[in-house]
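A quick write-up on the structure given underneath.
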Amino acid sequence: MASLVLLPILVPLAGATLGLLFWRWRGWQAAWSAGALAVSLLSSILLLAEAWRRGPVVFQLGGWPAPFGISLVGDLPAATFVLMAQVVLMAGLLYALGCRDRCVTFPVFYPLFLFLTAALTGSFLTGDVFNLFVFAELLVASATVLTALADERSGVEAAYKYFYISLLASIVWLSAVGSLYASYGTLNMADLAQRLAADPSPPLVPAAVVLMLVFFMIKAAVVPFHFWQPDFHAAAPTAVSAMLSSVVVKMGVYGFMRMTTLLFRPQAAMLQDWLVVFGLVGIVFGGLTALGTHHLKRMLAYSTLAQIGFILVAIGWGTPSALAAAVILTVNHSLVKAALLMLAGAIASRAEVKSAAFANLIGLGKGAPFLGALFLLGGMALAGIPPMNGFVGKLALFRSGILAAAYPSLAFLGVASILTLVYVTRAFQMIWWEPAPSGAKVKPGGDRLLAPTILIVLCVLLGLWPEPLLALANAVSAWLLAPNAYIAAVMGF
Amino acid sequence: MLDLLKAIAVGAMFAIGLFQLLRRNVIRSAIGLLVITNAVNLFLLMTGAYRGKVIPYVNAVGQRSDALPQALVLTAIVIGMAGFVLVLALLYVLAMRYRTADADAIADLKH
């Protein structure tokens, strides 16, 4: 069943290419794309089941043995991230099917969405540093065009900023790849990890560490490299911004996990210290800017900076329970943030002028109680209030912090968590409690709520019955902390 | 000697590219991006392509060149070209919409 690891990449890729042929028949194209994504989602569920029951699924492309060819590695962390990404992307496609944006009728919208899926999946599954560059480029190119299609005039500006910074990130990654290749003569991650642990002395290695850190920080929108992200979310179509803020930034998180536990084990202690510092700065900066902003989607984008900060702190602590907490927080944040951005888009689609600025949304929620209930549940999940999954994540994080005896940063986290509650309540109060200004008109209908409902139901389920996710997170963390098993699986020892 | 020349060339291209990257004119900054892309391509090529004395994939005896950096550079050039084409297309739309090449004037999203 080694080919199982190919399906989540190949199915959306083939679906996108064939979908382009139906550009004249938009209904068929949308149905075909949804079908392709559903098949791909099914195969990623099978991949996770296989990785859970029988260990990592490794496929050597072209039949070349490990250090020479490109390996695709579907181990437990990768399969978990792939399944998480494809669940959220499926919800995003459902949202696009039921939304009123004109951009989804553009003939390349659904194929590009599938290219995005294939690229994101590929960057989780690949075991080759150069192959990651190729997938990252495919990812940013499709996300850029999806943003540039936006109904708003500012879409192209946001797309240009995003693409420009992402191309710079790719250049940074290529420099890191070159530095590592000059030092060790290999591109395979498992082989690199093995050689680097044996001899971390070549002079270009510290440069490669910093360059890779910068690449993943741009991808995850960590604070000094975050500036493209809020602009992007204010302008992109809802279905796209919900994907970019939830699952695409997780590529950076995945990269940090791999860097500290697999690739750069000799430098891991230094990297982890940096991640804790960047995480704490991100939590405070993201929380305060989310409080100060006047735009609902921008607020959610800044909140992503803070939530990624929590995950970075957990990765930085690096203990088994902290890594498990990082996985739980990652899954929770993907579901919640995608749902909240979709709800923000849905409420903005009911306003007379389609914009998510708070001034435009005051009192709009009166006619949409169901939307308000979903937003309240989502906000509770984001802030970590008991019946929701966010509480499980926060609990795991604080417990691992106590176990790691990291009291100063723990106190910091406790105080900063309150910021989340404040900005979510502020948004809810403005949209659903304040009276609408006289003369404000609410459009009937608006975007359909099926996709955010599914995601919020998943959040509630994971909050009420978190055992499967906890077991999975513990297994992922145990696997991450046993890098020799990964190396043996890929190199075929 | 050749190694030193190549190192100087890469450094100079990085410097020129970085300088152009920081310009306010968006067209100049796009060109800076292209220069840096090519600096990195040259750097990748330097990581082993010319170490050898004989060509790879022939039955000659001696130290062979490493063929992998050339494959990497080829891929990187093609992807870089596609990326730059997309940059130019976006710049064209920006120029048509805003009628300017000044980065400070393209500021609908500034709050």
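Chain labels A, B, ... are given in the sequence in which chains occur in the structure tokens; within each chain residues are numbered consecutively from 1, and ligands are likewise numbered from 1 in the order shown.
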Using only C-alpha atoms, what does the table of segment 351-407 of chain A residues within 10 Å of segment 438-455 of chain A look like, with each row giving the shortest atom pair and its distance in Å to one decimal, sorted by chain and ascending number, as JSON lines?
```
{"residue": "A:Ala351", "atom": "CA", "partner": "A:Val442", "partner_atom": "CA", "distance": 5.6}
{"residue": "A:Glu352", "atom": "CA", "partner": "A:Lys441", "partner_atom": "CA", "distance": 6.2}
{"residue": "A:Val353", "atom": "CA", "partner": "A:Lys441", "partner_atom": "CA", "distance": 9.7}
{"residue": "A:Asn360", "atom": "CA", "partner": "A:Ala440", "partner_atom": "CA", "distance": 9.3}
{"residue": "A:Leu361", "atom": "CA", "partner": "A:Ala440", "partner_atom": "CA", "distance": 9.6}
{"residue": "A:Ile362", "atom": "CA", "partner": "A:Ala440", "partner_atom": "CA", "distance": 9.4}
{"residue": "A:Gly363", "atom": "CA", "partner": "A:Ala440", "partner_atom": "CA", "distance": 8.9}
{"residue": "A:Leu364", "atom": "CA", "partner": "A:Val442", "partner_atom": "CA", "distance": 6.8}
{"residue": "A:Gly365", "atom": "CA", "partner": "A:Val442", "partner_atom": "CA", "distance": 9.2}
{"residue": "A:Lys366", "atom": "CA", "partner": "A:Val442", "partner_atom": "CA", "distance": 9.5}
{"residue": "A:Gly367", "atom": "CA", "partner": "A:Val442", "partner_atom": "CA", "distance": 7.9}
{"residue": "A:Ala368", "atom": "CA", "partner": "A:Gly445", "partner_atom": "CA", "distance": 9.6}
{"residue": "A:Phe370", "atom": "CA", "partner": "A:Leu449", "partner_atom": "CA", "distance": 9.1}
{"residue": "A:Leu371", "atom": "CA", "partner": "A:Leu449", "partner_atom": "CA", "distance": 7.7}
{"residue": "A:Leu374", "atom": "CA", "partner": "A:Thr453", "partner_atom": "CA", "distance": 7.1}
{"residue": "A:Phe375", "atom": "CA", "partner": "A:Pro452", "partner_atom": "CA", "distance": 9.3}
{"residue": "A:Gly378", "atom": "CA", "partner": "A:Leu455", "partner_atom": "CA", "distance": 9.2}
```
Mind dumping the selected residues with C-alpha atoms as an mmCIF file, in the first residue's frame?
```cif
data_model
loop_
_atom_site.group_PDB
_atom_site.id
_atom_site.type_symbol
_atom_site.label_atom_id
_atom_site.label_comp_id
_atom_site.auth_asym_id
_atom_site.auth_seq_id
_atom_site.Cartn_x
_atom_site.Cartn_y
_atom_site.Cartn_z
ATOM 1 C CA ALA A 351 -24.320 43.960 4.492
ATOM 2 C CA GLU A 352 -25.390 46.496 1.930
ATOM 3 C CA VAL A 353 -21.807 47.301 0.984
ATOM 4 C CA ASN A 360 -20.249 48.457 8.206
ATOM 5 C CA LEU A 361 -21.407 45.531 10.347
ATOM 6 C CA ILE A 362 -22.797 47.184 13.511
ATOM 7 C CA GLY A 363 -26.112 45.618 14.462
ATOM 8 C CA LEU A 364 -26.216 43.492 11.302
ATOM 9 C CA GLY A 365 -26.443 40.273 13.305
ATOM 10 C CA LYS A 366 -29.968 40.994 14.544
ATOM 11 C CA GLY A 367 -31.544 39.205 11.594
ATOM 12 C CA ALA A 368 -29.152 36.247 11.737
ATOM 13 C CA PHE A 370 -28.068 31.156 13.798
ATOM 14 C CA LEU A 371 -24.982 32.912 12.423
ATOM 15 C CA LEU A 374 -22.148 29.743 15.400
ATOM 16 C CA PHE A 375 -19.918 32.797 15.867
ATOM 17 C CA GLY A 378 -16.420 29.624 17.419
#
```
- request: May I have the residues of chain B within 8 Å of chain A, counting only C-alpha atoms, written as a list in words?
  value: Leu33, Ile36, Thr37, Val40, Phe43, Leu44, Thr47, Gly48, Leu72, Ile79, Gly83, Leu86, Val87, Leu90, Leu91, Val93, Leu94, Ile106, Asp108, Leu109 and Lys110 of chain B
Convert the current residue selection to file output with N, CA, C and O atoms, as a CSV table (one decimal), in the first residue's frame.
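Result file selection-v8.csv:
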```
chain,number,residue,atom,x,y,z
B,33,LEU,N,14.1,41.5,-7.5
B,33,LEU,CA,13.8,40.2,-7.2
B,33,LEU,C,14.4,39.2,-8.2
B,33,LEU,O,14.9,38.1,-7.9
B,36,ILE,N,18.1,38.8,-7.7
B,36,ILE,CA,18.4,37.9,-6.6
B,36,ILE,C,18.2,36.5,-6.9
B,36,ILE,O,18.9,35.6,-6.6
B,37,THR,N,17.0,36.2,-7.6
B,37,THR,CA,16.8,34.8,-8.1
B,37,THR,C,17.9,34.3,-8.8
B,37,THR,O,18.4,33.1,-8.6
B,40,VAL,N,20.9,33.4,-6.6
B,40,VAL,CA,20.7,32.1,-6.0
B,40,VAL,C,21.0,31.0,-6.9
B,40,VAL,O,21.6,30.0,-6.6
B,43,PHE,N,24.6,30.5,-7.2
B,43,PHE,CA,25.1,29.9,-6.0
B,43,PHE,C,24.8,28.4,-6.0
B,43,PHE,O,25.7,27.6,-5.6
B,44,LEU,N,23.6,28.0,-6.4
B,44,LEU,CA,23.2,26.6,-6.5
B,44,LEU,C,24.2,25.8,-7.4
B,44,LEU,O,24.7,24.7,-7.1
B,47,THR,N,27.5,24.9,-6.0
B,47,THR,CA,27.6,23.9,-5.0
B,47,THR,C,28.2,22.6,-5.4
B,47,THR,O,28.2,21.6,-4.7
B,48,GLY,N,28.7,22.5,-6.6
B,48,GLY,CA,29.3,21.2,-7.0
B,48,GLY,C,29.4,20.9,-8.5
B,48,GLY,O,30.0,19.9,-8.9
B,72,LEU,N,19.0,20.9,-10.4
B,72,LEU,CA,18.4,21.8,-9.5
B,72,LEU,C,18.2,23.2,-10.1
B,72,LEU,O,17.2,23.8,-10.1
B,79,ILE,N,11.1,27.5,-12.7
B,79,ILE,CA,10.1,28.0,-11.7
B,79,ILE,C,10.2,29.5,-11.5
B,79,ILE,O,9.2,30.2,-11.4
B,83,GLY,N,7.4,32.3,-12.0
B,83,GLY,CA,7.0,33.2,-10.9
B,83,GLY,C,7.2,34.6,-11.4
B,83,GLY,O,6.3,35.5,-11.1
B,86,LEU,N,4.3,35.8,-13.5
B,86,LEU,CA,3.1,36.1,-12.7
B,86,LEU,C,3.3,37.4,-12.0
B,86,LEU,O,2.3,38.2,-11.9
B,87,VAL,N,4.5,37.7,-11.5
B,87,VAL,CA,4.8,39.1,-11.0
B,87,VAL,C,4.5,40.1,-12.0
B,87,VAL,O,3.8,41.1,-11.7
B,90,LEU,N,0.8,40.6,-12.6
B,90,LEU,CA,0.1,41.3,-11.4
B,90,LEU,C,0.5,42.8,-11.5
B,90,LEU,O,-0.3,43.7,-11.3
B,91,LEU,N,1.8,43.1,-11.9
B,91,LEU,CA,2.2,44.5,-12.0
B,91,LEU,C,1.4,45.2,-13.1
B,91,LEU,O,1.1,46.4,-12.9
B,93,VAL,N,-1.6,44.6,-14.1
B,93,VAL,CA,-3.0,44.9,-13.6
B,93,VAL,C,-2.9,46.0,-12.6
B,93,VAL,O,-3.7,47.0,-12.6
B,94,LEU,N,-1.9,46.0,-11.7
B,94,LEU,CA,-1.7,47.1,-10.7
B,94,LEU,C,-1.5,48.4,-11.5
B,94,LEU,O,-2.2,49.5,-11.1
B,106,ILE,N,0.2,52.9,-4.1
B,106,ILE,CA,-0.7,51.8,-4.2
B,106,ILE,C,-1.0,51.4,-2.7
B,106,ILE,O,-0.4,50.5,-2.2
B,108,ASP,N,-4.4,51.0,-1.1
B,108,ASP,CA,-5.9,50.8,-0.7
B,108,ASP,C,-6.0,50.1,0.7
B,108,ASP,O,-7.0,50.3,1.4
B,109,LEU,N,-5.0,49.3,1.0
B,109,LEU,CA,-5.1,48.4,2.1
B,109,LEU,C,-4.5,49.0,3.4
B,109,LEU,O,-4.5,48.3,4.4
B,110,LYS,N,-3.9,50.2,3.2
B,110,LYS,CA,-3.3,50.8,4.4
B,110,LYS,C,-4.3,51.3,5.4
B,110,LYS,O,-5.3,52.0,5.0
```
- line: Closest of B:Val26, B:Leu45, B:Leu88, B:Leu4 to Ala67 of chain B, counting only C-alpha atoms, is B:Leu45
Exercise: Glu467 of chain A partners within 12 Å, only C-alpha atoms, chain neighbours under 5 positions left out, as number ranges by chain: A: 328, 389, 392, 461-462, 472-474
- prompt: Just how far from atom CA of Val214 of chain A is atom CA of Ile283 of chain A, in Å to one decimal?
  reply: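 So the answer is 18.3 Å.
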message: I'd like the interatomic distance between atom CA of Leu275 of chain A and atom CA of Thr261 of chain A, to a tenth of an Å.
response: 13.1 Å
